[in-house]
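Worksheet: one structure, shown below.
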Amino acid sequence: MSHIVSLIFTGFIVGDVLLLKETSDLFIGLVLVFYALMNKLMKNPVVTAIEVSMASLMFMYVSFLRYQHNPTTERFAVWTVIFLLASLVIQCIEFIKHQKRVFRKSL
Amino acid sequence: MKYIQIFKKNLLLVLICLGLAIVPFFWLKPGEMDIGGDSSRLYLYDPVNYLKSFGLYGVDPQGTGWVGSNHYITPFAFLVMVVKIFFPSPHIAINLLAALKLVCGFWFVVLIVKEMASEKFRRGSAQGELAAIVAGLFYIFTPSVIGNWARAILSTNQVFLNPLMFYLLLRYFVTRQTKYGLTALLVSLVFAPNFGLTGAPPFFAFYPLGFLFLVLYTTWVRHRPVPWRGLIVGGLIFAGLHAFHLLPQFAGLFDPGSFANTRVFDAKSMWTEGVNYFMAVLPNAKVSWFLLLPSYNPIMTWSGVVVPFIVLAGLWLNKNIKGKTIVLVAAFYVITLFLVAANITHLWVAVYRSLFFIPGFSMFRNFSGQWQFVYSFYYALFFGLALHLIFLRCKPAFRRLCFLFLCALFVVSAWPFINGDLVNPRQADTEADVRIVMRMDSRFEDFLQYIRTMKGDGKILTLPFTDPFYQVLHGTNNGAYMGPSMVSYLARRNDFSGYAILDPFPEVFYRLAKEENYVALKRLFSLLNIKYIFHNTDPRVYDETFPRFPYSNVRKFLPKTQKEMGEFVGKLGVQLVYENGPYKLYTLSDSEFLPHIYTSSNVLVYKNDRDDWYGKNVSFFVDHLTADLRTGFIEKKDVVPRAGLTTPAITFQKINPTKYRVTVEDVRGPYLLVFSERFNRNWKIFRDDSQDLSIETESYFNGAVRVKEQRDIFFDSDTLRTWREKAIADKTHIVVNGYANGWYILPEDTRAGERYNFTIEMTDQRFFYMGLLISILTLGIILSTYGFTIVRNRLKN
C-alpha cells in the first residue's frame with residue numbers, strides 16, 4: 001500500500017517539478033520524509049494519510065488565522081488535499097481487493 | 001392520523017423548515033424588491049410583460065436586437081403569473097422564491113444524508129437524523145449559497161435544484177418508482193433556465209457528476225442494477241418537455257457563425273475565451289478558502305476548521321466500519337475540490353488548462369463561480385456522513401450537545417445572512433447609503449405604461465448612459481435598481497442604455513459626445529433607428545451617488561451632472577413628449593429620423609482600413625454627414641451597383657419582434673432595402689399576398705416611408721404561411737450601416753410588377769413554435785398517462 005501512495009506522490013511531484021522547472025522546493029522533500037516516518041511508525045497507510053492530512057490542515061488553519069491567504073497557507077492546503085486523495089485511493093483499492101477475495105471465494 | 005404521526009416524528013425538521021421559510025419575510029419591508037443584477041429578476045416583478053418582451057421571441061429587446069433563444073423563462077414566468085393571482089405583490093413572490101430556495105435546499109440535503117447514512121445502519125436512526133439536519137444547515141449557510149443571494153442570476157436556483165433533483169433521482173435509482181422520475185422531469189420543466197444551454201455551466205457542472213455518482217452508488221454500494229431502460233425513456237421525455245427552448249438553442253449552436261457556435265467550436269475563441277481567461281483568474285483561486293469556507297461573520301473566522309476536521313475524523317473512524325458510501329462521497333468531494341480550486345499543483349493546473357480545448361469547456365473559465373455550488377453540495381454530504389460516524393460513537397447526551405453546538409455555530413456564522421445584511425447590501429462603488437433592494441416608483445410604472453401604448457416606430461436612448469448595459473433607477477426608499485433596461489424588458493421598446501448595447505458604435509458615441517458634435521450624434525441616432533431620448537433626471541441616479549461604477553467611463557465623455565445632461569439633451573433639438581416627475585421622454589425631429597425599414601436612396605462604400613469597430617465607424621457616417629439621410633453604407637466586399645438604384649416607396653408594419661410586413665410601391669428597378677436590426681443570416685424575406693387594413697400612424701420622407709400601427713401577434717393563422725416558401729434575395733443579403741440587414745433586390749427576384757408585399761421574418765422563431773408544440777404534446781401525454789394510471793390503481797384497490 002505504501003508503494004501505491006508513494007506512486008501517487010511521485011506522480012504529483014515529478015509532474016510538478018517538470019512543469020515548474022525548478023527543484024528547490026524543499027518543502028516537498030520534508031513532507032515526504034515526514035510521511036515515510038509516520039508510515040513506518042503506524043504501519044497503516046490509510047490512517048497515516050488521514051493523519052498527515054489532519055496535520056497539514058492544522059498548519060494551514062494556523063497560517064490562515066494569522067495571514068489569511070499567503071503562499072504557506074496555500075501550500076498546506078494543497079498537501080491536505082493530496083493526502084486526503086491518497087487516503088481515498090488506498091481505501092478504494094482495499095475495497096477492490098476485498099471484492100476480489102469475495103469473488104474468488106464464491107468461485 | 002398517519003400525517004400527525006409523521007409530523008410528530010419529524011417535529012424538529014419541520015420547525016427548522018418553518019423557521020427558514022419565515023426568515024426571508026423579515027428581510028424586505030412591504031413593497032420592497034431585489035430585482036436587479038446582470039440577468040435581473042424582472043420576471044418576478046411583471047411576468048406578463050417580461051414574457052411578452054423577452055420570453056416569447058428569439059430577438060433581444062435591447063439595442064439593435066441580438067438574435068438568441070430566450071424562451072427558457074416561459075414556464076417559470078407562467079408559474080409566477082399563477083402565484084401572482086393569489087399574491088399580486090411582487091414583494092411576496094420574491095419572498096416565496098427565497099423561502100423555497102432555503103427550505104428545499106435544506107430539506108433535500110437532509111433527506112439525502114438520511115438516505116445514505118442508512119447504508120449499514122438502521123434507516124431513520126437518531127444519529128442519522130441529527131447528522132443530516134446539521135449537514136442541511138451547513139449546506140444552506142455555506143458562503144456559495146448565502147454569498148450569491150443578492151442580485152441572484154437565474155441559474156442560482158441550483159441552490160435548491162441540485163439537492164432536490166439529486167434526491168429524486170437517487171430515490172428513482174434505488175426504488176425504480178416512476179413518481180420520482182416524473183416529479184424530477186416536471187420540476188426541470190418549471191425551472192427550465194437551469195436545464196438549457198443558457199444554464200449550461202450549472203447543468204454540466206452538476207448533472208454528469210451526479211449521474212456518475214448515482215450509478216456507482218446504486219451498483220457498488222446498494223448492489224442493484226441501474227434502471228437504464230427507465231433512464232432512456234426519461235431522457236426522451238426530458239428532450240420532449242424541453243423542446244421549446246432546446247430546439248432553438250441547438251439550432252443556434254449548430255448554425256455556423258452564430259455567437260454560440262463560435263464560442264463553442266472556434267479554436268481561436270477556445271484560446272481567448274477559455275485558456276486566457278482561466279489563466280488570468282487562476283491566482284484568485286485559494287484552496288485554503290475552499291477547505292475552510294470562512295464565515296461572513298468576522299468574529300467567527302476561527303470556525304472554519306470545524307467542518308474539515310470533522311470530515312477527516314469521519315474518514316479516520318471509517319477504518320473499522322469500512323462504509324463505502326462515505327468513501328464514494330469523499331472521492332466526489334475531492335474531484336469537485338480540484339475543479340473548484342484548480343490551483344492544486346502545477347500538474348493539475350496543466351491538466352485543467354488542457355480541458356479548455358474540449359468544445360464547450362470554456363463555459364467553466366470562471367471555474368470557482370461555476371463549481372462552487374456543486375462543491376458545497378458534496379462537502380455537505382461528506383460532512384453529514386462523517387458526522388454520522390462520529391455520532392455513532394458518542395453517548396446520547398454528548399451527541400445532543402454536539403448537535404446544538406454545531407447548529408449554533410452555523411447559525412451564528414451565517415448571522416449576516418439571517419439578519420438580512422447580505423441580502424440587501426449597499427450598491428457597489430458608492431459611499432451613499434443606496435441599497436440594492438428598492439421600492440418601485442409609481443410614476444415610473446406610469447412611464448412604462450405610456451411606452452407600451454406607443455404604437456409608432458423608433459428606439460430609445462436612455463440617459464444617464466452606463467458603462468455596462470444597465471439602467472439605474474432609484475426607488476422611493478433608499479434603494480436603487482441596477483440592471484438591464486426595464487424599458488426593453490417590460491415595455492418591449494428597444495433601448496440603448498449602456499456601452500455594450502450600443503455596439504458597434506459606443507466609442508464613436510463617446511467621442512462625438514465629448515466633441516459636442518450634435519449633427520453627427522443625430523446622424524448616429526438615425527442609423528440606429530433611435531427616435532426617443534429617455535432622460536431620468538433624478539439626481540440620485542447620477543450626480544454624486546455613484547461616483548464610479550457604473551459611470552466611470554461615461555463621465556469622461558458625457559456631461560458629469562444631471563443639470564449638464566439636461567443641457568446636452570436640449571442641444572440635440574428634441575421635443576418633450578412625456579413628463580412625470582423626474583422621468584422625461586423627448587422625441588427627435590422627424591426630419592432626422594430613419595425608420596426601422598426603408599429603401600436606400602444612395603450607396604456609399606467604405607473601406608475597413610482599421611481592423612476595429614472604431615476605425616470602421618469613423619470611415620463612414622462621420623465623414624459623410626452631408627450625405628442623404630437614407631444613404632446605405634456598405635463594406636467594399638459587398639458590392640451593390642450604384643447605377644440604376646431606385647428608391648421605391650414602402651409601407652411597413654411590425655407584427656411582432658420577429659416578423660414585419662412590408663408593401664413596396666412604384667418599383668422601377670433594383671433597390672436596396674435596409675432593415676435596422678442587427679445583421680443575422682436568418683432574417684429572411686418572403687413574398688406575401690395578404691391584405692392589411694391597419695391604421696397608418698406615421699409618414700416620413702414625404703410619404704416615401706409609411707409606418708402602420710405596430711401589433712403584437714404571437715401566433716395566428718398567418719404565422720405558418722411562409723414556412724413552405726422560398727426566401728427571396730437571400731444571396732444579396734448584406735451588412736448595411738455597419739450592423740444592419742440589407743437586401744439588394746432585383747426586379748427578377750420578385751417578378752411581381754410595381755407593387756407587391758413581402759414579409760421580413762426571423763426564421764429561428766420557427767424552432768420555438770415547433771418546440772413549443774412538442775413540449776405541450778409531451779406534457780399532455782405524460783400527465784394524462786400518469787393520471788390514468790393513478791385512477792386505475794385506485795379503482796383496483
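Here's how to read the names in the C-alpha cells: chain A, B, ... by the order shown, residue numbers from 1 in each chain, ligand numbers from 1 in the order shown.
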Residues within 6 Å of Met33 of chain B, please, as a PyMOL selection string. Count only C-alpha atoms; anything in the same chain fewer than 2 positions from it doesn't count.
chain B and resi 35+91+437-438
List as a PyMOL selection string the protein and nucleic acid residues near Met60 of chain A, meaning an atom at most 10 Å away when only C-alpha atoms are counted, but skip any in the same chain fewer than 4 places from it.
(chain A and resi 54-56+64-66+68-70+72-80) or (chain B and resi 288+291-292+305)
Find the residues near Leu169 of chain B: any atom within 9 Å, counting only C-alpha atoms, skip ones fewer than 3 places away on the same chain, and give them as a ChimeraX atom specification.
/B:164-166,172-174,180-181,184,211,214
For a quick test of understanding: name the residues of chain B lying within 9 Å of chain A when counting only C-alpha atoms, and present them as an MDAnalysis selection string.
chainID B and resid 286:289 291:292 301:302 304:305 308:309 312:313 315:316 319 322 324 327:328 330:331 334 337:338 343:348 350
With C-alpha atoms retained, export the selected residues as a PDB file, in the first residue's frame.
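Just written: out.pdb:
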```
ATOM      1  CA  LYS B 286      -7.390  29.743  -2.970  1.00  0.00           C
ATOM      2  CA  VAL B 287      -7.506  26.114  -1.893  1.00  0.00           C
ATOM      3  CA  SER B 288      -7.457  27.106   1.771  1.00  0.00           C
ATOM      4  CA  TRP B 289     -10.585  29.208   1.281  1.00  0.00           C
ATOM      5  CA  LEU B 291     -11.328  23.952   2.629  1.00  0.00           C
ATOM      6  CA  LEU B 292     -12.247  26.362   5.402  1.00  0.00           C
ATOM      7  CA  THR B 301     -13.453  33.253  11.185  1.00  0.00           C
ATOM      8  CA  TRP B 302     -11.946  30.678  13.536  1.00  0.00           C
ATOM      9  CA  GLY B 304     -13.754  27.282   9.528  1.00  0.00           C
ATOM     10  CA  VAL B 305     -11.626  24.418  10.790  1.00  0.00           C
ATOM     11  CA  PRO B 308     -12.801  19.895   7.621  1.00  0.00           C
ATOM     12  CA  PHE B 309     -11.670  18.442  10.922  1.00  0.00           C
ATOM     13  CA  LEU B 312     -11.229  13.871   8.274  1.00  0.00           C
ATOM     14  CA  ALA B 313     -12.206  12.423  11.642  1.00  0.00           C
ATOM     15  CA  LEU B 315     -12.813   9.099   7.416  1.00  0.00           C
ATOM     16  CA  TRP B 316     -10.499   8.052  10.203  1.00  0.00           C
ATOM     17  CA  LYS B 319     -11.317   2.442   9.005  1.00  0.00           C
ATOM     18  CA  LYS B 322     -15.461   0.257   6.101  1.00  0.00           C
ATOM     19  CA  LYS B 324     -18.411   2.532   1.057  1.00  0.00           C
ATOM     20  CA  VAL B 327     -15.547   6.881   0.580  1.00  0.00           C
ATOM     21  CA  LEU B 328     -17.586   7.424  -2.569  1.00  0.00           C
ATOM     22  CA  ALA B 330     -15.320  11.769  -0.279  1.00  0.00           C
ATOM     23  CA  ALA B 331     -13.978  10.855  -3.728  1.00  0.00           C
ATOM     24  CA  VAL B 334     -12.110  15.693  -3.794  1.00  0.00           C
ATOM     25  CA  LEU B 337     -12.458  20.427  -4.812  1.00  0.00           C
ATOM     26  CA  PHE B 338      -9.937  20.004  -7.635  1.00  0.00           C
ATOM     27  CA  ASN B 343      -4.719  25.706  -8.062  1.00  0.00           C
ATOM     28  CA  ILE B 344      -3.650  22.299  -6.739  1.00  0.00           C
ATOM     29  CA  THR B 345      -0.129  21.576  -8.001  1.00  0.00           C
ATOM     30  CA  HIS B 346       1.201  22.653 -11.367  1.00  0.00           C
ATOM     31  CA  LEU B 347       0.420  19.256 -12.795  1.00  0.00           C
ATOM     32  CA  TRP B 348      -3.295  19.645 -12.137  1.00  0.00           C
ATOM     33  CA  ALA B 350      -1.732  21.929 -16.671  1.00  0.00           C
TER      34      ALA B 350
END
```
Contact residues around Gln127 of chain B with only C-alpha atoms at 10 Å, ignoring same-chain residues under 4 positions, as a ChimeraX atom specification
/B:114,117,121-123,131-132,387-394,396,399-400,403
So which residues touch segment 695-707 of chain B within 10 Å, counting only C-alpha atoms, skipping near sequence neighbours fewer than 2 positions away, as a count of residues only?
31
Quick one: everything within 12 Å of Val472 of chain B, counting only C-alpha atoms, minus sequence neighbours fewer than 6 positions away in the same chain. Send it as a PyMOL selection string.
chain B and resi 35-37+427+434+436+438+462-466+479-487+497-498+535-542+545-546+549-551
Which residue is closest to Arg263 of chain B? Choose from B:Asn529, B:Ser89, B:Ser362, B:Asn284 and count only C-alpha atoms.
B:Ser362
Which residue of B:Val83, B:Ala243, B:Val275, B:Ala414 approaches Leu137 of chain B most closely, using only C-alpha atoms
B:Ala414
